[in-house]
>>> print(open('upload02.cif').read())   # mmCIF, C-alpha atoms
data_run
loop_
_atom_site.group_PDB
_atom_site.id
_atom_site.type_symbol
_atom_site.label_atom_id
_atom_site.label_comp_id
_atom_site.auth_asym_id
_atom_site.auth_seq_id
_atom_site.Cartn_x
_atom_site.Cartn_y
_atom_site.Cartn_z
ATOM 1 C CA MET A 1 -11.218 0.545 -20.336
ATOM 2 C CA TYR A 2 -8.034 0.019 -22.354
ATOM 3 C CA ARG A 3 -5.648 2.811 -21.358
ATOM 4 C CA PRO A 4 -2.024 1.809 -21.908
ATOM 5 C CA GLU A 5 -0.696 4.642 -19.730
ATOM 6 C CA ILE A 6 -2.122 3.020 -16.584
ATOM 7 C CA LYS A 7 0.425 1.194 -14.425
ATOM 8 C CA VAL A 8 -0.380 -1.432 -11.804
ATOM 9 C CA LEU A 9 1.555 -1.966 -8.570
ATOM 10 C CA ASP A 10 1.135 -5.061 -6.432
ATOM 11 C CA CYS A 11 1.591 -4.724 -2.651
ATOM 12 C CA THR A 12 0.804 -8.316 -1.637
ATOM 13 C CA ILE A 13 3.935 -8.954 0.424
ATOM 14 C CA ARG A 14 4.352 -5.442 1.818
ATOM 15 C CA ASP A 15 0.745 -4.835 2.925
ATOM 16 C CA GLY A 16 -0.021 -8.487 3.596
ATOM 17 C CA GLY A 17 3.002 -8.566 5.888
ATOM 18 C CA LEU A 18 1.138 -6.290 8.278
ATOM 19 C CA MET A 19 -0.899 -9.394 9.171
ATOM 20 C CA ASN A 20 2.018 -11.745 9.944
ATOM 21 C CA ASP A 21 5.005 -9.472 10.672
ATOM 22 C CA TRP A 22 6.362 -10.124 7.160
ATOM 23 C CA ARG A 23 7.083 -13.773 7.868
ATOM 24 C CA PHE A 24 6.569 -15.023 4.326
ATOM 25 C CA SER A 25 9.006 -17.688 3.185
ATOM 26 C CA LYS A 26 11.578 -16.783 0.561
ATOM 27 C CA ALA A 27 10.212 -19.573 -1.626
ATOM 28 C CA MET A 28 6.754 -17.993 -1.571
ATOM 29 C CA VAL A 29 8.045 -14.488 -2.227
ATOM 30 C CA LYS A 30 10.160 -15.767 -5.106
ATOM 31 C CA ASP A 31 7.093 -17.438 -6.639
ATOM 32 C CA VAL A 32 4.951 -14.338 -6.064
ATOM 33 C CA PHE A 33 7.437 -12.047 -7.782
ATOM 34 C CA ALA A 34 7.874 -14.423 -10.715
ATOM 35 C CA GLY A 35 4.118 -14.960 -11.085
ATOM 36 C CA LEU A 36 3.383 -11.239 -10.995
ATOM 37 C CA ALA A 37 6.090 -10.626 -13.577
ATOM 38 C CA GLN A 38 4.441 -13.243 -15.803
ATOM 39 C CA ALA A 39 1.107 -11.494 -15.244
ATOM 40 C CA GLY A 40 2.554 -8.249 -16.628
ATOM 41 C CA ILE A 41 2.438 -6.250 -13.372
ATOM 42 C CA ASP A 42 4.494 -3.061 -13.640
ATOM 43 C CA TYR A 43 5.743 -2.782 -10.038
ATOM 44 C CA VAL A 44 5.994 -5.381 -7.275
ATOM 45 C CA GLU A 45 6.401 -4.028 -3.735
ATOM 46 C CA LEU A 46 8.104 -6.627 -1.548
ATOM 47 C CA GLY A 47 8.152 -4.840 1.786
ATOM 48 C CA TYR A 48 9.748 -2.033 3.769
ATOM 49 C CA ARG A 49 13.300 -0.763 4.099
ATOM 50 C CA ALA A 50 13.059 -0.281 7.890
ATOM 51 C CA ASP A 51 15.650 1.022 10.322
ATOM 52 C CA LYS A 52 17.238 -1.927 12.146
ATOM 53 C CA GLN A 53 17.921 0.300 15.149
ATOM 54 C CA GLN A 54 14.163 0.636 15.599
ATOM 55 C CA PHE A 55 13.003 -2.796 14.438
ATOM 56 C CA SER A 56 14.733 -6.007 15.449
ATOM 57 C CA LYS A 57 15.236 -8.775 12.894
ATOM 58 C CA ASP A 58 14.329 -11.173 15.709
ATOM 59 C CA ASP A 59 10.810 -9.736 15.814
ATOM 60 C CA PHE A 60 10.040 -9.465 12.104
ATOM 61 C CA GLY A 61 10.436 -11.406 8.915
ATOM 62 C CA PRO A 62 12.896 -10.365 6.193
ATOM 63 C CA TRP A 63 10.412 -8.267 4.216
ATOM 64 C CA ARG A 64 10.300 -5.675 6.992
ATOM 65 C CA PHE A 65 13.856 -4.808 5.940
ATOM 66 C CA CYS A 66 14.282 -5.956 2.313
ATOM 67 C CA ASP A 67 18.031 -6.355 2.603
ATOM 68 C CA GLU A 68 19.766 -6.536 -0.751
ATOM 69 C CA GLU A 69 20.941 -10.121 -0.212
ATOM 70 C CA ASP A 70 17.382 -11.278 0.467
ATOM 71 C CA LEU A 71 16.117 -9.457 -2.598
ATOM 72 C CA ARG A 72 18.779 -11.062 -4.783
ATOM 73 C CA GLU A 73 17.636 -14.488 -3.633
ATOM 74 C CA THR A 74 14.011 -13.827 -4.592
ATOM 75 C CA VAL A 75 13.761 -11.361 -7.486
ATOM 76 C CA CYS A 76 13.993 -12.781 -10.996
ATOM 77 C CA GLN A 77 15.082 -10.811 -14.034
ATOM 78 C CA SER A 78 11.960 -9.436 -15.690
ATOM 79 C CA ASP A 79 10.170 -6.289 -16.792
ATOM 80 C CA ALA A 80 8.519 -5.983 -13.362
ATOM 81 C CA ARG A 81 10.156 -3.229 -11.332
ATOM 82 C CA LEU A 82 10.927 -3.840 -7.676
ATOM 83 C CA ALA A 83 9.480 -1.381 -5.155
ATOM 84 C CA VAL A 84 9.868 -0.973 -1.400
ATOM 85 C CA MET A 85 8.262 1.369 1.105
ATOM 86 C CA ALA A 86 10.149 3.697 3.435
ATOM 87 C CA ASP A 87 8.314 5.224 6.403
ATOM 88 C CA VAL A 88 9.160 8.754 7.448
ATOM 89 C CA GLY A 89 10.992 8.568 10.768
ATOM 90 C CA ARG A 90 11.565 4.813 10.491
ATOM 91 C CA THR A 91 14.200 4.674 7.765
ATOM 92 C CA ASP A 92 17.969 4.829 8.023
ATOM 93 C CA TYR A 93 19.294 6.928 5.129
ATOM 94 C CA ASN A 94 22.486 4.856 5.179
ATOM 95 C CA ASP A 95 20.498 1.777 4.132
ATOM 96 C CA ILE A 96 19.517 3.449 0.846
ATOM 97 C CA VAL A 97 22.480 2.529 -1.331
ATOM 98 C CA PRO A 98 22.957 3.964 -4.841
ATOM 99 C CA ALA A 99 20.483 2.524 -7.334
ATOM 100 C CA SER A 100 23.359 1.087 -9.347
ATOM 101 C CA GLU A 101 24.066 -1.240 -6.396
ATOM 102 C CA SER A 102 20.457 -2.287 -5.797
ATOM 103 C CA LEU A 103 17.642 -4.274 -7.402
ATOM 104 C CA ILE A 104 15.158 -1.712 -6.099
ATOM 105 C CA ARG A 105 13.805 0.720 -8.663
ATOM 106 C CA LEU A 106 11.059 2.580 -6.769
ATOM 107 C CA TYR A 107 11.028 3.918 -3.215
ATOM 108 C CA ARG A 108 7.557 4.704 -1.882
ATOM 109 C CA VAL A 109 7.871 7.219 0.939
ATOM 110 C CA ALA A 110 4.963 6.836 3.380
ATOM 111 C CA THR A 111 4.003 9.954 5.292
ATOM 112 C CA TYR A 112 1.216 11.816 6.991
ATOM 113 C CA VAL A 113 0.360 15.347 5.954
ATOM 114 C CA LYS A 114 1.966 16.784 9.086
ATOM 115 C CA ASP A 115 5.316 15.211 8.157
ATOM 116 C CA ILE A 116 5.406 16.259 4.517
ATOM 117 C CA GLN A 117 8.655 18.227 4.835
ATOM 118 C CA GLU A 118 10.433 15.182 6.299
ATOM 119 C CA ALA A 119 8.977 13.100 3.476
ATOM 120 C CA ILE A 120 10.394 15.514 0.920
ATOM 121 C CA CYS A 121 13.835 15.237 2.550
ATOM 122 C CA LEU A 122 13.689 11.431 2.425
ATOM 123 C CA GLY A 123 12.366 11.501 -1.134
ATOM 124 C CA ASP A 124 15.149 13.876 -2.208
ATOM 125 C CA HIS A 125 17.724 11.495 -0.749
ATOM 126 C CA CYS A 126 16.232 8.540 -2.656
ATOM 127 C CA LYS A 127 16.066 10.585 -5.835
ATOM 128 C CA LYS A 128 19.729 11.597 -5.525
ATOM 129 C CA GLN A 129 20.613 7.929 -5.170
ATOM 130 C CA GLY A 130 19.025 7.304 -8.564
ATOM 131 C CA TYR A 131 15.608 5.841 -7.726
ATOM 132 C CA GLU A 132 12.099 6.572 -8.848
ATOM 133 C CA VAL A 133 10.235 8.129 -5.927
ATOM 134 C CA SER A 134 6.623 8.119 -4.861
ATOM 135 C CA ILE A 135 5.194 10.074 -1.943
ATOM 136 C CA ASN A 136 2.254 8.228 -0.395
ATOM 137 C CA ILE A 137 0.128 10.526 1.769
ATOM 138 C CA MET A 138 -1.523 8.184 4.247
ATOM 139 C CA ALA A 139 -4.837 8.580 6.058
ATOM 140 C CA VAL A 140 -5.944 11.328 3.704
ATOM 141 C CA SER A 141 -9.489 10.995 5.080
ATOM 142 C CA HIS A 142 -8.188 12.466 8.352
ATOM 143 C CA ALA A 143 -6.326 15.370 6.782
ATOM 144 C CA LEU A 144 -7.745 18.865 7.012
ATOM 145 C CA GLU A 145 -8.145 20.232 3.497
ATOM 146 C CA PRO A 146 -5.949 23.337 3.970
ATOM 147 C CA ASP A 147 -3.158 21.111 5.315
ATOM 148 C CA LEU A 148 -3.523 18.710 2.395
ATOM 149 C CA ASP A 149 -3.500 21.595 -0.080
ATOM 150 C CA ARG A 150 -0.270 22.949 1.400
ATOM 151 C CA ALA A 151 1.328 19.513 1.261
ATOM 152 C CA LEU A 152 0.376 19.050 -2.389
ATOM 153 C CA ASP A 153 1.661 22.524 -3.225
ATOM 154 C CA LYS A 154 5.020 21.616 -1.681
ATOM 155 C CA LEU A 155 5.150 18.351 -3.631
ATOM 156 C CA ALA A 156 4.402 20.204 -6.860
ATOM 157 C CA GLY A 157 7.818 21.818 -6.588
ATOM 158 C CA THR A 158 9.708 18.520 -6.349
ATOM 159 C CA ASP A 159 10.987 16.192 -9.055
ATOM 160 C CA PHE A 160 9.302 13.110 -7.573
ATOM 161 C CA ASP A 161 7.707 10.741 -10.053
ATOM 162 C CA MET A 162 4.442 9.884 -8.275
ATOM 163 C CA VAL A 163 2.152 11.088 -5.512
ATOM 164 C CA TYR A 164 -0.388 8.676 -4.040
ATOM 165 C CA LEU A 165 -3.860 9.225 -2.646
ATOM 166 C CA VAL A 166 -4.167 6.660 0.169
ATOM 167 C CA ASP A 167 -7.479 5.717 1.795
ATOM 168 C CA SER A 168 -5.815 4.057 4.788
ATOM 169 C CA PHE A 169 -8.996 3.479 6.761
ATOM 170 C CA GLY A 170 -11.285 2.392 3.926
ATOM 171 C CA TYR A 171 -13.537 5.345 4.657
ATOM 172 C CA LEU A 172 -13.817 7.212 1.366
ATOM 173 C CA GLN A 173 -16.612 6.667 -1.147
ATOM 174 C CA PRO A 174 -16.512 7.084 -4.946
ATOM 175 C CA HIS A 175 -17.776 10.674 -4.984
ATOM 176 C CA GLN A 176 -15.040 11.630 -2.513
ATOM 177 C CA ILE A 177 -12.445 9.819 -4.609
ATOM 178 C CA GLU A 178 -13.620 11.832 -7.621
ATOM 179 C CA TYR A 179 -13.161 15.081 -5.684
ATOM 180 C CA MET A 180 -9.709 14.082 -4.434
ATOM 181 C CA ALA A 181 -8.594 12.863 -7.846
ATOM 182 C CA HIS A 182 -9.440 16.222 -9.395
ATOM 183 C CA LYS A 183 -7.533 17.980 -6.595
ATOM 184 C CA TYR A 184 -4.371 15.870 -6.948
ATOM 185 C CA LEU A 185 -4.354 16.098 -10.730
ATOM 186 C CA ALA A 186 -4.888 19.865 -10.707
ATOM 187 C CA LYS A 187 -2.224 20.577 -8.108
ATOM 188 C CA LEU A 188 0.419 18.166 -9.426
ATOM 189 C CA PRO A 189 0.680 18.659 -13.187
ATOM 190 C CA GLY A 190 3.325 16.504 -14.800
ATOM 191 C CA LYS A 191 3.360 13.922 -12.007
ATOM 192 C CA GLN A 192 1.800 10.493 -12.028
ATOM 193 C CA ILE A 193 -0.985 10.181 -9.475
ATOM 194 C CA GLY A 194 -1.654 6.896 -7.710
ATOM 195 C CA ILE A 195 -4.447 5.374 -5.635
ATOM 196 C CA HIS A 196 -4.196 2.885 -2.764
ATOM 197 C CA CYS A 197 -7.516 1.769 -1.283
ATOM 198 C CA HIS A 198 -8.431 -0.351 1.713
ATOM 199 C CA ASN A 199 -11.584 -2.423 1.656
ATOM 200 C CA ASN A 200 -13.357 -1.836 4.971
ATOM 201 C CA GLN A 201 -16.620 -0.869 3.255
ATOM 202 C CA GLN A 202 -16.073 -3.170 0.260
ATOM 203 C CA LEU A 203 -15.389 -0.106 -1.888
ATOM 204 C CA ALA A 204 -11.695 -0.574 -2.700
ATOM 205 C CA PHE A 205 -12.361 -1.817 -6.234
ATOM 206 C CA ALA A 206 -15.115 0.725 -6.907
ATOM 207 C CA ASN A 207 -12.897 3.536 -5.632
ATOM 208 C CA THR A 208 -9.947 2.353 -7.713
ATOM 209 C CA VAL A 209 -12.136 2.229 -10.822
ATOM 210 C CA GLU A 210 -13.456 5.718 -10.050
ATOM 211 C CA ALA A 211 -9.904 7.018 -9.704
ATOM 212 C CA ALA A 212 -8.873 5.464 -13.019
ATOM 213 C CA MET A 213 -11.900 6.921 -14.766
ATOM 214 C CA LYS A 214 -10.976 10.382 -13.470
ATOM 215 C CA GLY A 215 -7.387 10.241 -14.749
ATOM 216 C CA ILE A 216 -5.316 8.573 -12.040
ATOM 217 C CA THR A 217 -2.800 6.278 -13.709
ATOM 218 C CA CYS A 218 -1.066 4.279 -10.934
ATOM 219 C CA LEU A 219 -3.319 1.649 -9.378
ATOM 220 C CA ASP A 220 -2.444 -0.439 -6.316
ATOM 221 C CA GLY A 221 -3.772 -3.900 -5.650
ATOM 222 C CA SER A 222 -2.874 -7.121 -3.881
ATOM 223 C CA ILE A 223 -3.459 -10.755 -4.723
ATOM 224 C CA TYR A 224 -6.823 -11.916 -3.338
ATOM 225 C CA GLY A 225 -7.051 -8.537 -1.611
ATOM 226 C CA ILE A 226 -4.546 -9.491 1.120
ATOM 227 C CA GLY A 227 -3.551 -6.634 3.403
ATOM 228 C CA ARG A 228 -3.946 -5.179 6.836
ATOM 229 C CA ALA A 229 -7.353 -5.897 8.352
ATOM 230 C CA ALA A 230 -9.982 -5.601 5.597
ATOM 231 C CA GLY A 231 -7.271 -5.762 2.963
ATOM 232 C CA ASN A 232 -6.784 -3.932 -0.319
ATOM 233 C CA CYS A 233 -8.247 -3.773 -3.781
ATOM 234 C CA PRO A 234 -7.942 -7.269 -5.309
ATOM 235 C CA LEU A 235 -5.294 -7.279 -8.006
ATOM 236 C CA GLU A 236 -7.161 -9.816 -10.119
ATOM 237 C CA LEU A 237 -10.141 -7.442 -10.372
ATOM 238 C CA ILE A 238 -7.958 -4.520 -11.448
ATOM 239 C CA ILE A 239 -6.218 -6.310 -14.295
ATOM 240 C CA GLY A 240 -9.501 -7.806 -15.434
ATOM 241 C CA PHE A 241 -11.091 -4.364 -15.533
ATOM 242 C CA LEU A 242 -8.286 -2.690 -17.453
ATOM 243 C CA LYS A 243 -8.660 -4.868 -20.600
ATOM 244 C CA ASN A 244 -4.992 -4.361 -21.364
ATOM 245 C CA PRO A 245 -3.644 -7.398 -23.264
ATOM 246 C CA LYS A 246 -0.286 -7.103 -21.500
ATOM 247 C CA PHE A 247 -1.936 -8.331 -18.287
ATOM 248 C CA ASP A 248 -2.602 -12.038 -17.805
ATOM 249 C CA VAL A 249 -4.738 -13.017 -14.819
ATOM 250 C CA ARG A 250 -3.856 -16.706 -15.012
ATOM 251 C CA PRO A 251 -0.553 -16.532 -13.071
ATOM 252 C CA VAL A 252 -2.395 -14.565 -10.389
ATOM 253 C CA LEU A 253 -5.035 -17.283 -10.143
ATOM 254 C CA ASP A 254 -2.255 -19.837 -9.718
ATOM 255 C CA LEU A 255 -0.810 -17.831 -6.818
ATOM 256 C CA ILE A 256 -4.220 -17.485 -5.193
ATOM 257 C CA GLU A 257 -4.743 -21.224 -5.304
ATOM 258 C CA ARG A 258 -1.227 -22.122 -4.189
ATOM 259 C CA TYR A 259 -0.678 -19.569 -1.442
ATOM 260 C CA LEU A 260 -3.436 -17.069 -0.701
ATOM 261 C CA ILE A 261 -6.369 -19.400 -0.050
ATOM 262 C CA PRO A 262 -4.366 -21.407 2.524
ATOM 263 C CA LEU A 263 -3.013 -18.198 4.093
ATOM 264 C CA LYS A 264 -6.464 -16.716 4.564
ATOM 265 C CA LYS A 265 -7.406 -19.488 6.975
ATOM 266 C CA ASP A 266 -4.790 -18.160 9.401
ATOM 267 C CA LEU A 267 -4.471 -14.446 8.649
ATOM 268 C CA LYS A 268 -8.190 -13.700 8.243
ATOM 269 C CA TRP A 269 -8.010 -10.467 6.276
ATOM 270 C CA GLY A 270 -11.087 -9.307 4.409
ATOM 271 C CA TYR A 271 -14.720 -8.697 5.254
ATOM 272 C CA GLU A 272 -15.263 -8.716 9.000
ATOM 273 C CA ILE A 273 -17.783 -6.572 10.852
ATOM 274 C CA PRO A 274 -15.221 -4.954 13.209
ATOM 275 C CA TYR A 275 -13.312 -3.784 10.127
ATOM 276 C CA VAL A 276 -16.560 -2.462 8.665
ATOM 277 C CA ILE A 277 -17.138 -0.472 11.840
ATOM 278 C CA THR A 278 -13.724 1.199 11.731
ATOM 279 C CA GLY A 279 -14.306 2.013 8.073
ATOM 280 C CA LEU A 280 -17.697 3.569 8.747
ATOM 281 C CA LEU A 281 -16.262 5.649 11.577
ATOM 282 C CA ASN A 282 -13.019 6.674 9.812
ATOM 283 C CA LYS A 283 -10.890 4.987 12.479
ATOM 284 C CA HIS A 284 -7.586 3.143 12.302
ATOM 285 C CA PRO A 285 -8.207 -0.627 11.952
ATOM 286 C CA ARG A 286 -5.868 -1.408 14.865
ATOM 287 C CA ALA A 287 -8.893 -1.119 17.176
ATOM 288 C CA ALA A 288 -10.786 -3.734 15.168
ATOM 289 C CA MET A 289 -7.757 -6.033 15.009
ATOM 290 C CA ALA A 290 -7.399 -5.799 18.797
ATOM 291 C CA PHE A 291 -11.123 -6.474 19.234
ATOM 292 C CA MET A 292 -10.899 -9.604 17.104
ATOM 293 C CA ASP A 293 -7.824 -10.863 18.957
ATOM 294 C CA THR A 294 -9.381 -10.606 22.428
ATOM 295 C CA ALA A 295 -11.608 -13.097 24.168
ATOM 296 C CA LEU A 296 -13.714 -10.350 25.727
ATOM 297 C CA ASN A 297 -17.481 -10.778 25.523
ATOM 298 C CA THR A 298 -18.014 -7.375 23.961
ATOM 299 C CA SER A 299 -20.849 -7.057 21.492
ATOM 300 C CA LEU A 300 -20.421 -5.487 18.073
ATOM 301 C CA ARG A 301 -22.883 -2.798 19.122
ATOM 302 C CA SER A 302 -20.787 -1.985 22.203
ATOM 303 C CA PHE A 303 -17.639 -1.884 20.101
ATOM 304 C CA TYR A 304 -19.332 0.568 17.704
ATOM 305 C CA ASP A 305 -20.538 2.782 20.573
ATOM 306 C CA GLU A 306 -17.140 2.757 22.267
ATOM 307 C CA LEU A 307 -15.320 3.617 19.047
ATOM 308 C CA SER A 308 -17.815 6.382 18.251
ATOM 309 C CA ASN A 309 -16.772 8.177 21.419
ATOM 310 C CA LEU A 310 -13.020 8.012 20.846
ATOM 311 C CA ASP A 311 -11.214 10.825 19.056
ATOM 312 C CA ASP A 312 -7.703 9.371 18.962
ATOM 313 C CA ILE A 313 -8.086 6.149 16.931
#
>>> encode(input="upload02.cif", output="structure tokens")
Amino acid sequence: MYRPEIKVLDCTIRDGGLMNDWRFSKAMVKDVFAGLAQAGIDYVELGYRADKQQFSKDDFGPWRFCDEEDLRETVCQSDARLAVMADVGRTDYNDIVPASESLIRLYRVATYVKDIQEAICLGDHCKKQGYEVSINIMAVSHALEPDLDRALDKLAGTDFDMVYLVDSFGYLQPHQIEYMAHKYLAKLPGKQIGIHCHNNQQLAFANTVEAAMKGITCLDGSIYGIGRAAGNCPLELIIGFLKNPKFDVRPVLDLIERYLIPLKKDLKWGYEIPYVITGLLNKHPRAAMAFMDTALNTSLRSFYDELSNLDDI
């Protein structure tokens, strides 16, 4: 599986922060970035660039905002390129300084299909400031195909570097990934296509492999699979699969042992039956996270039946 054109992006801090409000210590984040750089990872996503008018710094850790001063305290000089995510409707354009004044190299604009025009406006602003830009279409398993087709057609006319297929709910299976990969590649010639998979049905790695085999060249993962709810595709599996000598799994193993195994005792991402249920039903994992946080004596069967009858989760 040696294909040198494939790039790997790690989202450990950004996606893992959804489990602890981005309250990772600067010492940990500094070690994570340095270790991933040593491992040969192409992009390291350290969090969001969120609007401080909407999100208080009293309520969230620093990686919800990725202020330049915090980044300069944690990011070492290396070949790894720093990425952050910017949500449509939750980003202050004034916070996106010119690339010459920032350590950030890639802005990943997160959007739903219905907001694609706003995403293009935000992406254009980032591009004009000198950054690489990715558009990440979230919850693609909920998108109606005509709406998705129109969104991809609009993106085809932009100069953005990447467009991501995102299985936000861990619902898609390999044959569906194959279909979507062909669609994205056909509609977006000349752009890099990425894949970001959640692991509700334990298919994140299989789906990422399927995407790579079908021509997708930007693969997301996180150390030890950390991420919201069921988590993401484990980074260590991706770089082992790719057989590219530039990747070295040993620094990742060090980080797992030093940080991720202790963290999992508290954050509890990964395989849990409530997360499986939301994945099977193509529902947002917030319902499963709420179920696991309550002391209600609700059975798993009742949770499944209740969720099956809801259309808005």
>>> closest_residue(input="upload02.cif", among="A:Val276, A:Ala212, A:Leu18, A:Leu255", to="Glu5 (chain A)", atoms="all atoms listed in the file")
A:Ala212
>>> resolve_selection(input="upload02.cif", expression="the PyMOL selection byres ((chain A and resi 280) around 9)", output="JSON list (two decimals) with C-alpha atoms, in the coordinates of the input")
[["chain", "number", "residue", "atom", "x", "y", "z"],
["A", 169, "PHE", "CA", -9.00, 3.48, 6.76],
["A", 170, "GLY", "CA", -11.28, 2.39, 3.93],
["A", 171, "TYR", "CA", -13.54, 5.34, 4.66],
["A", 200, "ASN", "CA", -13.36, -1.84, 4.97],
["A", 201, "GLN", "CA", -16.62, -0.87, 3.26],
["A", 275, "TYR", "CA", -13.31, -3.78, 10.13],
["A", 276, "VAL", "CA", -16.56, -2.46, 8.66],
["A", 277, "ILE", "CA", -17.14, -0.47, 11.84],
["A", 278, "THR", "CA", -13.72, 1.20, 11.73],
["A", 279, "GLY", "CA", -14.31, 2.01, 8.07],
["A", 281, "LEU", "CA", -16.26, 5.65, 11.58],
["A", 282, "ASN", "CA", -13.02, 6.67, 9.81],
["A", 283, "LYS", "CA", -10.89, 4.99, 12.48]]
>>> resolve_selection(input="upload02.cif", expression="the PyMOL selection byres ((chain A and resi 153) around 12)", output="PyMOL selection string")
chain A and resi 113+116-117+120+146-152+154-158+163+183-189
>>> closest_residue(input="upload02.cif", among="A:Trp269, A:Tyr112, A:Tyr179, A:Tyr93", to="Pro285 (chain A)", atoms="all atoms listed in the file")
A:Trp269
>>> atom_distance(input="upload02.cif", atom1="CA of Phe24 (chain A)", atom2="CA of Trp63 (chain A)")
7.8 Å
>>> residues_around(input="upload02.cif", residues="Asp220 (chain A)", least_positions_apart="6", cutoff="8 Å", atoms="all atoms listed in the file", output="list in words")
Val8, Leu9, Asp10, Cys11, Gly194, Ile195, His196, Cys197, Cys233 and Leu235 of chain A
>>> residues_around(input="upload02.cif", residues="Gly40 (chain A)", least_positions_apart="6", cutoff="10 Å", atoms="all atoms listed in the file", output="number ranges by chain")
A: 7-8, 78-80, 239, 244-249, 251
>>> closest_residue(input="upload02.cif", among="A:Val84, A:Ala181, A:Ile104, A:Met19", to="Arg72 (chain A)", atoms="only C-alpha atoms")
A:Ile104
>>> resolve_selection(input="upload02.cif", expression="the PyMOL selection byres ((chain A and resi 98) around 12)", output="number ranges by chain")
A: 68, 93-97, 99-105, 125-132
>>> residues_near_point(input="upload02.cif", point="(-6.4, -16.5, -9.9)", cutoff="12 Å", atoms="only C-alpha atoms", output="PyMOL selection string")
chain A and resi 35-36+39+222-225+234-237+239-240+248-261
